[in-house]
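> I am sharing data.tsv, which consists of TSV, N, CA and C atoms:
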chain	number	residue	atom	x	y	z
A	1055	MET	N	-3.74	-12.75	-10.30
A	1055	MET	CA	-2.88	-12.66	-9.13
A	1055	MET	C	-3.64	-11.97	-8.00
A	1056	LYS	N	-3.40	-12.41	-6.80
A	1056	LYS	CA	-4.06	-11.85	-5.62
A	1056	LYS	C	-3.29	-10.63	-5.13
A	1057	LEU	N	-4.01	-9.60	-4.73
A	1057	LEU	CA	-3.39	-8.40	-4.17
A	1057	LEU	C	-3.17	-8.62	-2.68
A	1058	ASP	N	-1.95	-8.57	-2.25
A	1058	ASP	CA	-1.56	-8.84	-0.87
A	1058	ASP	C	-1.57	-7.54	-0.07
A	1059	GLN	N	-2.40	-7.50	0.99
A	1059	GLN	CA	-2.53	-6.27	1.78
A	1059	GLN	C	-1.25	-5.87	2.48
A	1060	GLU	N	-0.45	-6.84	2.92
A	1060	GLU	CA	0.83	-6.52	3.55
A	1060	GLU	C	1.80	-5.92	2.53
A	1061	CYS	N	1.78	-6.47	1.33
A	1061	CYS	CA	2.65	-5.94	0.27
A	1061	CYS	C	2.24	-4.51	-0.07
A	1062	VAL	N	0.94	-4.23	-0.10
A	1062	VAL	CA	0.45	-2.88	-0.35
A	1062	VAL	C	1.05	-1.91	0.65
A	1063	ARG	N	0.91	-2.22	1.92
A	1063	ARG	CA	1.42	-1.33	2.97
A	1063	ARG	C	2.94	-1.20	2.90
A	1064	ASN	N	3.63	-2.33	2.69
A	1064	ASN	CA	5.09	-2.29	2.64
A	1064	ASN	C	5.62	-1.51	1.44
A	1065	VAL	N	4.98	-1.63	0.30
A	1065	VAL	CA	5.40	-0.85	-0.87
A	1065	VAL	C	5.22	0.64	-0.58
A	1066	LEU	N	4.08	1.00	-0.04
A	1066	LEU	CA	3.83	2.41	0.26
A	1066	LEU	C	4.83	2.96	1.28
A	1067	LEU	N	5.13	2.19	2.31
A	1067	LEU	CA	6.11	2.62	3.31
A	1067	LEU	C	7.50	2.78	2.69
A	1068	THR	N	7.85	1.86	1.80
A	1068	THR	CA	9.16	1.91	1.13
A	1068	THR	C	9.27	3.14	0.24
A	1069	VAL	N	8.25	3.41	-0.54
A	1069	VAL	CA	8.28	4.57	-1.44
A	1069	VAL	C	8.29	5.86	-0.63
A	1070	GLU	N	7.49	5.92	0.42
A	1070	GLU	CA	7.44	7.13	1.24
A	1070	GLU	C	8.79	7.46	1.87
A	1071	ALA	N	9.57	6.44	2.20
A	1071	ALA	CA	10.86	6.64	2.87
A	1071	ALA	C	11.93	7.25	1.96
A	1072	GLN	N	11.65	7.35	0.67
A	1072	GLN	CA	12.64	7.86	-0.29
A	1072	GLN	C	12.61	9.39	-0.34
A	1073	PRO	N	13.72	9.99	-0.70
A	1073	PRO	CA	13.74	11.45	-0.87
A	1073	PRO	C	12.79	11.87	-2.00
A	1074	TYR	N	12.27	13.08	-1.91
A	1074	TYR	CA	11.36	13.59	-2.92
A	1074	TYR	C	12.02	13.54	-4.30
A	1075	GLY	N	11.28	13.03	-5.26
A	1075	GLY	CA	11.75	12.98	-6.64
A	1075	GLY	C	12.55	11.75	-7.00
A	1076	LYS	N	12.94	10.95	-6.01
A	1076	LYS	CA	13.71	9.74	-6.33
A	1076	LYS	C	12.79	8.71	-6.96
A	1077	ARG	N	13.21	8.20	-8.09
A	1077	ARG	CA	12.44	7.17	-8.80
A	1077	ARG	C	13.03	5.82	-8.42
A	1078	LEU	N	12.19	4.86	-8.15
A	1078	LEU	CA	12.63	3.53	-7.77
A	1078	LEU	C	12.36	2.53	-8.88
A	1079	THR	N	13.13	1.46	-8.89
A	1079	THR	CA	12.85	0.33	-9.77
A	1079	THR	C	12.26	-0.79	-8.91
A	1080	LEU	N	11.76	-1.81	-9.56
A	1080	LEU	CA	11.25	-2.96	-8.82
A	1080	LEU	C	12.37	-3.59	-7.99
A	1081	THR	N	13.58	-3.61	-8.55
A	1081	THR	CA	14.73	-4.16	-7.83
A	1081	THR	C	15.01	-3.38	-6.56
A	1082	ASP	N	14.91	-2.04	-6.64
A	1082	ASP	CA	15.10	-1.20	-5.45
A	1082	ASP	C	14.11	-1.57	-4.35
A	1083	ILE	N	12.87	-1.72	-4.73
A	1083	ILE	CA	11.83	-2.04	-3.75
A	1083	ILE	C	12.03	-3.45	-3.21
A	1084	GLN	N	12.38	-4.38	-4.08
A	1084	GLN	CA	12.57	-5.76	-3.65
A	1084	GLN	C	13.73	-5.89	-2.66
A	1085	LYS	N	14.73	-5.04	-2.78
A	1085	LYS	CA	15.83	-5.04	-1.81
A	1085	LYS	C	15.33	-4.65	-0.42
A	1086	GLU	N	14.34	-3.74	-0.39
A	1086	GLU	CA	13.79	-3.26	0.88
A	1086	GLU	C	12.78	-4.24	1.47
A	1087	ILE	N	12.04	-4.93	0.63
A	1087	ILE	CA	11.04	-5.89	1.10
A	1087	ILE	C	11.24	-7.22	0.35
A	1088	PRO	N	12.31	-7.95	0.71
A	1088	PRO	CA	12.72	-9.14	-0.04
A	1088	PRO	C	11.78	-10.35	0.09
A	1089	ASN	N	10.82	-10.28	0.99
A	1089	ASN	CA	9.91	-11.42	1.16
A	1089	ASN	C	8.82	-11.48	0.09
A	1090	TYR	N	8.85	-10.53	-0.86
A	1090	TYR	CA	7.89	-10.53	-1.97
A	1090	TYR	C	8.65	-10.72	-3.29
A	1091	SER	N	8.02	-11.44	-4.20
A	1091	SER	CA	8.63	-11.64	-5.51
A	1091	SER	C	8.53	-10.36	-6.34
A	1092	ARG	N	9.33	-10.32	-7.37
A	1092	ARG	CA	9.30	-9.18	-8.29
A	1092	ARG	C	7.89	-9.03	-8.89
A	1093	ASP	N	7.25	-10.14	-9.25
A	1093	ASP	CA	5.91	-10.08	-9.83
A	1093	ASP	C	4.88	-9.56	-8.82
A	1094	GLU	N	5.01	-9.98	-7.56
A	1094	GLU	CA	4.08	-9.49	-6.53
A	1094	GLU	C	4.22	-7.98	-6.35
A	1095	ILE	N	5.45	-7.51	-6.34
A	1095	ILE	CA	5.69	-6.07	-6.17
A	1095	ILE	C	5.18	-5.31	-7.40
A	1096	ALA	N	5.47	-5.82	-8.58
A	1096	ALA	CA	5.01	-5.16	-9.81
A	1096	ALA	C	3.48	-5.08	-9.83
A	1097	TYR	N	2.83	-6.19	-9.52
A	1097	TYR	CA	1.36	-6.22	-9.52
A	1097	TYR	C	0.80	-5.24	-8.50
A	1098	THR	N	1.40	-5.22	-7.32
A	1098	THR	CA	0.96	-4.29	-6.27
A	1098	THR	C	1.13	-2.85	-6.73
A	1099	CYS	N	2.27	-2.53	-7.31
A	1099	CYS	CA	2.51	-1.16	-7.80
A	1099	CYS	C	1.49	-0.77	-8.87
A	1100	LEU	N	1.19	-1.69	-9.77
A	1100	LEU	CA	0.19	-1.40	-10.80
A	1100	LEU	C	-1.18	-1.14	-10.19
A	1101	LYS	N	-1.58	-1.94	-9.22
A	1101	LYS	CA	-2.88	-1.76	-8.58
A	1101	LYS	C	-2.91	-0.47	-7.76
A	1102	LEU	N	-1.81	-0.14	-7.11
A	1102	LEU	CA	-1.75	1.13	-6.38
A	1102	LEU	C	-1.83	2.31	-7.33
A	1103	SER	N	-1.25	2.16	-8.51
A	1103	SER	CA	-1.35	3.19	-9.53
A	1103	SER	C	-2.80	3.32	-10.02
A	1104	GLU	N	-3.44	2.18	-10.29
A	1104	GLU	CA	-4.84	2.21	-10.72
A	1104	GLU	C	-5.74	2.83	-9.66
A	1105	GLY	N	-5.38	2.64	-8.39
A	1105	GLY	CA	-6.15	3.21	-7.29
A	1105	GLY	C	-5.77	4.64	-6.97
A	1106	ASN	N	-4.88	5.22	-7.78
A	1106	ASN	CA	-4.42	6.60	-7.59
A	1106	ASN	C	-3.73	6.85	-6.25
A	1107	LEU	N	-2.99	5.85	-5.79
A	1107	LEU	CA	-2.22	6.00	-4.56
A	1107	LEU	C	-0.73	6.19	-4.83
A	1108	LEU	N	-0.29	5.82	-6.04
A	1108	LEU	CA	1.13	5.79	-6.36
A	1108	LEU	C	1.33	6.10	-7.84
A	1109	SER	N	2.40	6.84	-8.15
A	1109	SER	CA	2.70	7.07	-9.57
A	1109	SER	C	3.67	5.99	-10.05
A	1110	VAL	N	3.34	5.41	-11.20
A	1110	VAL	CA	4.13	4.32	-11.76
A	1110	VAL	C	4.28	4.55	-13.26
A	1111	ASP	N	5.50	4.37	-13.75
A	1111	ASP	CA	5.75	4.42	-15.19
A	1111	ASP	C	5.78	3.00	-15.73
A	1112	THR	N	5.13	2.82	-16.88
A	1112	THR	CA	5.07	1.49	-17.48
A	1112	THR	C	5.34	1.59	-18.98
A	1113	ILE	N	5.65	0.44	-19.56
A	1113	ILE	CA	5.73	0.32	-21.02
A	1113	ILE	C	4.89	-0.88	-21.42
A	1114	PRO	N	4.21	-0.79	-22.57
A	1114	PRO	CA	3.40	-1.93	-23.01
A	1114	PRO	C	4.28	-3.08	-23.48
A	1115	THR	N	3.77	-4.30	-23.32
A	1115	THR	CA	4.51	-5.49	-23.74
A	1115	THR	C	4.09	-5.95	-25.13
A	1116	GLY	N	3.00	-5.43	-25.61
A	1116	GLY	CA	2.46	-5.91	-26.88
A	1116	GLY	C	1.38	-6.96	-26.68
A	1117	GLU	N	1.35	-7.53	-25.48
A	1117	GLU	CA	0.30	-8.48	-25.13
A	1117	GLU	C	-0.90	-7.69	-24.61
A	1118	PHE	N	-2.07	-8.24	-24.80
A	1118	PHE	CA	-3.29	-7.58	-24.36
A	1118	PHE	C	-3.21	-7.21	-22.88
A	1119	ASP	N	-3.40	-5.93	-22.59
A	1119	ASP	CA	-3.55	-5.44	-21.22
A	1119	ASP	C	-2.36	-5.76	-20.30
A	1120	LYS	N	-1.19	-6.00	-20.87
A	1120	LYS	CA	-0.03	-6.32	-20.05
A	1120	LYS	C	1.04	-5.25	-20.24
A	1121	VAL	N	1.57	-4.77	-19.10
A	1121	VAL	CA	2.61	-3.75	-19.12
A	1121	VAL	C	3.76	-4.17	-18.21
A	1122	ILE	N	4.89	-3.52	-18.40
A	1122	ILE	CA	6.05	-3.72	-17.54
A	1122	ILE	C	6.25	-2.44	-16.73
A	1123	VAL	N	6.41	-2.59	-15.44
A	1123	VAL	CA	6.68	-1.45	-14.57
A	1123	VAL	C	8.14	-1.07	-14.75
A	1124	THR	N	8.39	0.17	-15.14
A	1124	THR	CA	9.77	0.61	-15.35
A	1124	THR	C	10.29	1.40	-14.15
A	1125	GLU	N	9.44	2.28	-13.61
A	1125	GLU	CA	9.85	3.07	-12.45
A	1125	GLU	C	8.65	3.35	-11.56
A	1126	ILE	N	8.95	3.52	-10.27
A	1126	ILE	CA	7.93	3.86	-9.29
A	1126	ILE	C	8.29	5.23	-8.76
A	1127	GLY	N	7.30	6.12	-8.76
A	1127	GLY	CA	7.55	7.50	-8.34
A	1127	GLY	C	7.07	7.76	-6.92
A	1128	ASN	N	6.37	8.85	-6.74
A	1128	ASN	CA	5.93	9.30	-5.42
A	1128	ASN	C	4.53	8.81	-5.09
A	1129	LEU	N	4.22	8.88	-3.81
A	1129	LEU	CA	2.85	8.64	-3.38
A	1129	LEU	C	2.01	9.84	-3.78
A	1130	SER	N	0.77	9.59	-4.10
A	1130	SER	CA	-0.18	10.68	-4.32
A	1130	SER	C	-0.68	11.15	-2.96
A	1131	PHE	N	-1.47	12.21	-2.95
A	1131	PHE	CA	-2.07	12.66	-1.71
A	1131	PHE	C	-2.92	11.54	-1.11
A	1132	LYS	N	-3.68	10.87	-1.98
A	1132	LYS	CA	-4.53	9.75	-1.54
A	1132	LYS	C	-3.66	8.62	-0.96
A	1133	GLY	N	-2.50	8.40	-1.55
A	1133	GLY	CA	-1.58	7.39	-1.04
A	1133	GLY	C	-1.07	7.73	0.35
A	1134	HIS	N	-0.73	9.01	0.55
A	1134	HIS	CA	-0.30	9.46	1.87
A	1134	HIS	C	-1.42	9.33	2.88
A	1135	GLU	N	-2.62	9.70	2.48
A	1135	GLU	CA	-3.77	9.60	3.38
A	1135	GLU	C	-4.00	8.15	3.81
A	1136	PHE	N	-3.97	7.24	2.85
A	1136	PHE	CA	-4.14	5.82	3.17
A	1136	PHE	C	-3.04	5.36	4.11
A	1137	LEU	N	-1.80	5.66	3.77
A	1137	LEU	CA	-0.67	5.20	4.58
A	1137	LEU	C	-0.72	5.78	5.98
A	1138	ASN	N	-1.08	7.04	6.10
A	1138	ASN	CA	-1.18	7.65	7.42
A	1138	ASN	C	-2.25	6.97	8.27
A	1139	THR	N	-3.27	6.47	7.63
A	1139	THR	CA	-4.33	5.78	8.36
A	1139	THR	C	-3.88	4.42	8.86
A	1140	VAL	N	-3.05	3.72	8.09
A	1140	VAL	CA	-2.64	2.35	8.46
A	1140	VAL	C	-1.20	2.27	8.98
A	1141	ARG	N	-0.57	3.38	9.22
A	1141	ARG	CA	0.83	3.39	9.65
A	1141	ARG	C	1.01	2.72	11.03
A	1142	ASP	N	0.17	3.07	11.97
A	1142	ASP	CA	0.26	2.53	13.32
A	1142	ASP	C	0.00	1.01	13.29
A	1143	GLU	N	0.90	0.27	13.90
A	1143	GLU	CA	0.81	-1.20	13.86
A	1143	GLU	C	-0.47	-1.72	14.51
A	1144	LYS	N	-0.93	-1.10	15.60
A	1144	LYS	CA	-2.17	-1.54	16.26
A	1144	LYS	C	-3.37	-1.33	15.34
A	1145	ILE	N	-3.41	-0.17	14.71
A	1145	ILE	CA	-4.52	0.13	13.80
A	1145	ILE	C	-4.47	-0.82	12.60
A	1146	TRP	N	-3.28	-1.06	12.07
A	1146	TRP	CA	-3.12	-1.95	10.92
A	1146	TRP	C	-3.57	-3.37	11.28
A	1147	SER	N	-3.16	-3.87	12.43
A	1147	SER	CA	-3.53	-5.22	12.84
A	1147	SER	C	-5.05	-5.36	12.99
A	1148	LYS	N	-5.66	-4.38	13.62
A	1148	LYS	CA	-7.12	-4.41	13.81
A	1148	LYS	C	-7.83	-4.29	12.46
A	1149	THR	N	-7.31	-3.46	11.58
A	1149	THR	CA	-7.88	-3.29	10.24
A	1149	THR	C	-7.86	-4.62	9.49
A	1150	LYS	N	-6.73	-5.30	9.52
A	1150	LYS	CA	-6.62	-6.60	8.84
A	1150	LYS	C	-7.56	-7.63	9.43
A	1151	GLU	N	-7.67	-7.62	10.75
A	1151	GLU	CA	-8.55	-8.56	11.44
A	1151	GLU	C	-10.01	-8.37	11.00
A	1152	ILE	N	-10.44	-7.12	10.94
A	1152	ILE	CA	-11.81	-6.83	10.53
A	1152	ILE	C	-12.01	-7.14	9.05
A	1153	ALA	N	-11.05	-6.78	8.22
A	1153	ALA	CA	-11.14	-7.07	6.79
A	1153	ALA	C	-11.25	-8.57	6.54
A	1154	LYS	N	-10.50	-9.34	7.30
A	1154	LYS	CA	-10.54	-10.80	7.14
A	1154	LYS	C	-11.93	-11.33	7.49
A	1155	LYS	N	-12.54	-10.78	8.54
A	1155	LYS	CA	-13.88	-11.22	8.95
A	1155	LYS	C	-14.93	-10.88	7.91
A	1156	THR	N	-14.73	-9.78	7.19
A	1156	THR	CA	-15.71	-9.40	6.16
A	1156	THR	C	-15.56	-10.27	4.92
A	1157	GLY	N	-14.41	-10.95	4.81
A	1157	GLY	CA	-14.19	-11.83	3.67
A	1157	GLY	C	-13.77	-11.11	2.41
A	1158	GLY	N	-13.52	-9.83	2.50
A	1158	GLY	CA	-13.12	-9.08	1.32
A	1158	GLY	C	-11.91	-8.22	1.57
A	1159	PHE	N	-11.25	-7.88	0.49
A	1159	PHE	CA	-10.10	-7.01	0.60
A	1159	PHE	C	-10.04	-6.15	-0.65
A	1160	SER	N	-10.25	-4.88	-0.47
A	1160	SER	CA	-10.04	-3.92	-1.53
A	1160	SER	C	-9.40	-2.71	-0.88
A	1161	LEU	N	-8.77	-1.90	-1.68
A	1161	LEU	CA	-8.15	-0.70	-1.11
A	1161	LEU	C	-9.19	0.22	-0.49
A	1162	GLU	N	-10.34	0.32	-1.14
A	1162	GLU	CA	-11.42	1.15	-0.59
A	1162	GLU	C	-11.93	0.61	0.73
A	1163	LEU	N	-12.11	-0.71	0.80
A	1163	LEU	CA	-12.58	-1.33	2.02
A	1163	LEU	C	-11.55	-1.16	3.13
A	1164	LEU	N	-10.28	-1.40	2.84
A	1164	LEU	CA	-9.23	-1.21	3.84
A	1164	LEU	C	-9.19	0.23	4.34
A	1165	THR	N	-9.32	1.16	3.42
A	1165	THR	CA	-9.31	2.58	3.79
A	1165	THR	C	-10.47	2.89	4.74
A	1166	ALA	N	-11.66	2.40	4.41
A	1166	ALA	CA	-12.84	2.65	5.24
A	1166	ALA	C	-12.68	2.01	6.63
A	1167	ILE	N	-12.24	0.76	6.64
A	1167	ILE	CA	-12.06	0.07	7.93
A	1167	ILE	C	-11.00	0.76	8.77
A	1168	ALA	N	-9.86	1.07	8.15
A	1168	ALA	CA	-8.76	1.72	8.88
A	1168	ALA	C	-9.20	3.06	9.45
A	1169	GLY	N	-9.99	3.80	8.69
A	1169	GLY	CA	-10.50	5.08	9.18
A	1169	GLY	C	-11.36	4.92	10.41
A	1170	GLU	N	-12.23	3.91	10.38
A	1170	GLU	CA	-13.10	3.66	11.53
A	1170	GLU	C	-12.30	3.15	12.73
A	1171	VAL	N	-11.32	2.29	12.48
A	1171	VAL	CA	-10.47	1.79	13.57
A	1171	VAL	C	-9.70	2.95	14.19
A	1172	ALA	N	-9.15	3.82	13.37
A	1172	ALA	CA	-8.39	4.97	13.87
A	1172	ALA	C	-9.30	5.87	14.71
A	1173	LYS	N	-10.52	6.12	14.23
A	1173	LYS	CA	-11.47	6.93	15.00
A	1173	LYS	C	-11.76	6.29	16.35
A	1174	SER	N	-11.93	4.99	16.35
A	1174	SER	CA	-12.20	4.26	17.59
A	1174	SER	C	-11.04	4.40	18.57
A	1175	PHE	N	-9.81	4.28	18.06
A	1175	PHE	CA	-8.63	4.45	18.91
A	1175	PHE	C	-8.57	5.86	19.48
A	1176	VAL	N	-8.85	6.84	18.66
A	1176	VAL	CA	-8.83	8.24	19.12
A	1176	VAL	C	-9.91	8.46	20.17
A	1177	ASN	N	-11.12	7.96	19.93
A	1177	ASN	CA	-12.19	8.11	20.90
A	1177	ASN	C	-11.83	7.48	22.23
A	1178	THR	N	-11.21	6.32	22.20
A	1178	THR	CA	-10.77	5.65	23.42
A	1178	THR	C	-9.74	6.49	24.17
A	1179	MET	N	-8.83	7.08	23.42
A	1179	MET	CA	-7.80	7.92	24.03
A	1179	MET	C	-8.40	9.17	24.66
A	1180	ILE	N	-9.38	9.75	23.97
A	1180	ILE	CA	-10.04	10.96	24.49
A	1180	ILE	C	-10.80	10.64	25.77
A	1181	GLN	N	-11.51	9.52	25.76
A	1181	GLN	CA	-12.30	9.14	26.93
A	1181	GLN	C	-11.43	8.80	28.13
A	1182	SER	N	-10.21	8.34	27.91
A	1182	SER	CA	-9.34	7.96	29.01
A	1182	SER	C	-8.63	9.16	29.65
A	1183	HIS	N	-8.79	10.31	29.02
A	1183	HIS	CA	-8.13	11.51	29.59
A	1183	HIS	C	-9.09	12.37	30.29
Translate this file's structure into structure tokens.


Amino acid sequence: MKLDQECVRNVLLTVEAQPYGKRLTLTDIQKEIPNYSRDEIAYTCLKLSEGNLLSVDTIPTGEFDKVIVTEIGNLSFKGHEFLNTVRDEKIWSKTKEIAKKTGGFSLELLTAIAGEVAKSFVNTMIQSH
């Protein structure tokens, strides 16, 4: 399955909007971002967990390397840092544009690109004052 960068950002925004300690189910998240399937959201949550951006509870299915997402918890510090970098719509759009030109998409690459785009925006703002 392909990891969708918009789904990544939307899942993180949805989880961040919850009160501290509230655990979400896939159904809860799908209600907030209905344009993604349950499988897309589950896969995204698992990958965000593997990337240490999000806490996720799972149970094994008995099949090799396959788990079921039972609950989604809080963002990690790294998750907050990533989200804060891509929160602004202008920065996010530019980040996606650059990522598309590179032909790759990974959380690390998005983080690096978003950081550079954010720095560029800040430098532009500083120079204009």

> Could you please determine the separation between CA of Cys1061 (chain A) and atom C of Asp1119 (chain A) in Å, to one decimal place?

21.2 Å

> Within region 1091-1146 of chain A, find each residue whose DSSP state, derived from the backbone, is alpha helix (DSSP H), and express the selection as a list in words.

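Result set for region 1091-1146 of chain A (alpha helix (DSSP H)): Arg1092, Asp1093, Glu1094, Ile1095, Ala1096, Tyr1097, Thr1098, Cys1099, Leu1100, Lys1101, Leu1102, Ser1103, Glu1104, Phe1131, Lys1132, Gly1133, His1134, Glu1135, Phe1136, Leu1137, Asn1138, Thr1139, Val1140, Glu1143, Lys1144, Ile1145 and Trp1146 of chain A.
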
> Which neighbours of Val1065 (chain A) fall inside 9 Å, counting only C-alpha atoms, when residues of the same chain fewer than 6 positions from it are skipped, and could you give them as a ChimeraX atom specification?

/A:1083,1086-1087,1095,1098-1099

> Go ahead and dump the residues you just picked, N, CA and C atoms, as a PDB file, in the coordinates of the input.


ATOM      1  N   ILE A1083      12.870  -1.720  -4.730  1.00  0.00           N
ATOM      2  CA  ILE A1083      11.830  -2.040  -3.750  1.00  0.00           C
ATOM      3  C   ILE A1083      12.030  -3.450  -3.210  1.00  0.00           C
ATOM      4  N   GLU A1086      14.340  -3.740  -0.390  1.00  0.00           N
ATOM      5  CA  GLU A1086      13.790  -3.260   0.880  1.00  0.00           C
ATOM      6  C   GLU A1086      12.780  -4.240   1.470  1.00  0.00           C
ATOM      7  N   ILE A1087      12.040  -4.930   0.630  1.00  0.00           N
ATOM      8  CA  ILE A1087      11.040  -5.890   1.100  1.00  0.00           C
ATOM      9  C   ILE A1087      11.240  -7.220   0.350  1.00  0.00           C
ATOM     10  N   ILE A1095       5.450  -7.510  -6.340  1.00  0.00           N
ATOM     11  CA  ILE A1095       5.690  -6.070  -6.170  1.00  0.00           C
ATOM     12  C   ILE A1095       5.180  -5.310  -7.400  1.00  0.00           C
ATOM     13  N   THR A1098       1.400  -5.220  -7.320  1.00  0.00           N
ATOM     14  CA  THR A1098       0.960  -4.290  -6.270  1.00  0.00           C
ATOM     15  C   THR A1098       1.130  -2.850  -6.730  1.00  0.00           C
ATOM     16  N   CYS A1099       2.270  -2.530  -7.310  1.00  0.00           N
ATOM     17  CA  CYS A1099       2.510  -1.160  -7.800  1.00  0.00           C
ATOM     18  C   CYS A1099       1.490  -0.770  -8.870  1.00  0.00           C
TER      19      CYS A1099
END

> Please provide as an mmCIF file with N, CA and C atoms, in the coordinates of the input all residues within 12 Å of Phe1175 (chain A), with the sequence filter that same-chain residues fewer than 2 positions apart are discarded (counting only C-alpha atoms).


data_model
loop_
_atom_site.group_PDB
_atom_site.id
_atom_site.type_symbol
_atom_site.label_atom_id
_atom_site.label_comp_id
_atom_site.auth_asym_id
_atom_site.auth_seq_id
_atom_site.Cartn_x
_atom_site.Cartn_y
_atom_site.Cartn_z
ATOM 1 N N THR A 1139 -3.270 6.470 7.630
ATOM 2 C CA THR A 1139 -4.330 5.780 8.360
ATOM 3 C C THR A 1139 -3.880 4.420 8.860
ATOM 4 N N ASP A 1142 0.170 3.070 11.970
ATOM 5 C CA ASP A 1142 0.260 2.530 13.320
ATOM 6 C C ASP A 1142 0.000 1.010 13.290
ATOM 7 N N LYS A 1144 -0.930 -1.100 15.600
ATOM 8 C CA LYS A 1144 -2.170 -1.540 16.260
ATOM 9 C C LYS A 1144 -3.370 -1.330 15.340
ATOM 10 N N ILE A 1145 -3.410 -0.170 14.710
ATOM 11 C CA ILE A 1145 -4.520 0.130 13.800
ATOM 12 C C ILE A 1145 -4.470 -0.820 12.600
ATOM 13 N N TRP A 1146 -3.280 -1.060 12.070
ATOM 14 C CA TRP A 1146 -3.120 -1.950 10.920
ATOM 15 C C TRP A 1146 -3.570 -3.370 11.280
ATOM 16 N N LYS A 1148 -5.660 -4.380 13.620
ATOM 17 C CA LYS A 1148 -7.120 -4.410 13.810
ATOM 18 C C LYS A 1148 -7.830 -4.290 12.460
ATOM 19 N N THR A 1149 -7.310 -3.460 11.580
ATOM 20 C CA THR A 1149 -7.880 -3.290 10.240
ATOM 21 C C THR A 1149 -7.860 -4.620 9.490
ATOM 22 N N ALA A 1168 -9.860 1.070 8.150
ATOM 23 C CA ALA A 1168 -8.760 1.720 8.880
ATOM 24 C C ALA A 1168 -9.200 3.060 9.450
ATOM 25 N N GLY A 1169 -9.990 3.800 8.690
ATOM 26 C CA GLY A 1169 -10.500 5.080 9.180
ATOM 27 C C GLY A 1169 -11.360 4.920 10.410
ATOM 28 N N GLU A 1170 -12.230 3.910 10.380
ATOM 29 C CA GLU A 1170 -13.100 3.660 11.530
ATOM 30 C C GLU A 1170 -12.300 3.150 12.730
ATOM 31 N N VAL A 1171 -11.320 2.290 12.480
ATOM 32 C CA VAL A 1171 -10.470 1.790 13.570
ATOM 33 C C VAL A 1171 -9.700 2.950 14.190
ATOM 34 N N ALA A 1172 -9.150 3.820 13.370
ATOM 35 C CA ALA A 1172 -8.390 4.970 13.870
ATOM 36 C C ALA A 1172 -9.300 5.870 14.710
ATOM 37 N N LYS A 1173 -10.520 6.120 14.230
ATOM 38 C CA LYS A 1173 -11.470 6.930 15.000
ATOM 39 C C LYS A 1173 -11.760 6.290 16.350
ATOM 40 N N ASN A 1177 -11.120 7.960 19.930
ATOM 41 C CA ASN A 1177 -12.190 8.110 20.900
ATOM 42 C C ASN A 1177 -11.830 7.480 22.230
ATOM 43 N N THR A 1178 -11.210 6.320 22.200
ATOM 44 C CA THR A 1178 -10.770 5.650 23.420
ATOM 45 C C THR A 1178 -9.740 6.490 24.170
ATOM 46 N N MET A 1179 -8.830 7.080 23.420
ATOM 47 C CA MET A 1179 -7.800 7.920 24.030
ATOM 48 C C MET A 1179 -8.400 9.170 24.660
ATOM 49 N N ILE A 1180 -9.380 9.750 23.970
ATOM 50 C CA ILE A 1180 -10.040 10.960 24.490
ATOM 51 C C ILE A 1180 -10.800 10.640 25.770
ATOM 52 N N GLN A 1181 -11.510 9.520 25.760
ATOM 53 C CA GLN A 1181 -12.300 9.140 26.930
ATOM 54 C C GLN A 1181 -11.430 8.800 28.130
ATOM 55 N N SER A 1182 -10.210 8.340 27.910
ATOM 56 C CA SER A 1182 -9.340 7.960 29.010
ATOM 57 C C SER A 1182 -8.630 9.160 29.650
#

> Which one of A:Thr1112, A:Ser1091, A:Thr1165, A:Gln1084 sits closest to Phe1136 (chain A) if you count all atoms listed in the file?

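Going through A:Thr1112, A:Ser1091, A:Thr1165, A:Gln1084 one by one, the smallest distance to Phe1136 (chain A) is for A:Thr1165.
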
> Please, which residues of region 1064-1116 of chain A, numbered as in this document, come out strand (DSSP E or B) from DSSP, as a PyMOL selection string?

chain A and resi 1078+1108-1114

> From the list A:Val1140, A:Ala1166, A:Ile1126, A:Leu1107, which residue is nearest Leu1078 (chain A) when using only N, CA and C atoms?

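Looking only at the distances to Leu1078 (chain A), the closest residue turns out to be A:Ile1126.
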
> When you draw a straight line from CA of Arg1063 (chain A) to atom N of Asn1138 (chain A), how long is it in Å?

9.3 Å

> Place a sphere of radius 9 Å on (11.2, 9.3, -7.8) in the file coordinates and name every protein, DNA or RNA residue with an atom inside or on its surface, counting only C-alpha atoms; give the answer as a list in words.

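Counting only C-alpha atoms, I find these residues within 9 Å of (11.2, 9.3, -7.8): Val1069, Gln1072, Pro1073, Tyr1074, Gly1075, Lys1076, Arg1077, Leu1078, Ser1109, Glu1125, Ile1126, Gly1127 and Asn1128 of chain A.
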
> Show which residues sit within 12 Å of Gly1158 (chain A), as a list in words. Count only C-alpha atoms, and ignore same-chain residues fewer than 3 positions away.

Lys1056, Leu1057, Asp1058, Gln1059, Thr1149, Lys1150, Glu1151, Ile1152, Ala1153, Lys1154, Lys1155, Leu1161, Glu1162, Leu1163, Leu1164 and Ile1167 of chain A

> Using Å and a single decimal, report how far CA of Asn1064 (chain A) sits from CA of Pro1088 (chain A).

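These atoms are spaced 10.6 Å apart.
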
> Which of these, A:Glu1104, A:Leu1080, A:Glu1143, A:Thr1124, has the shortest distance to Arg1092 (chain A) once you count only N, CA and C atoms?

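Of the candidates, the smallest distance to Arg1092 (chain A) is held by A:Leu1080.
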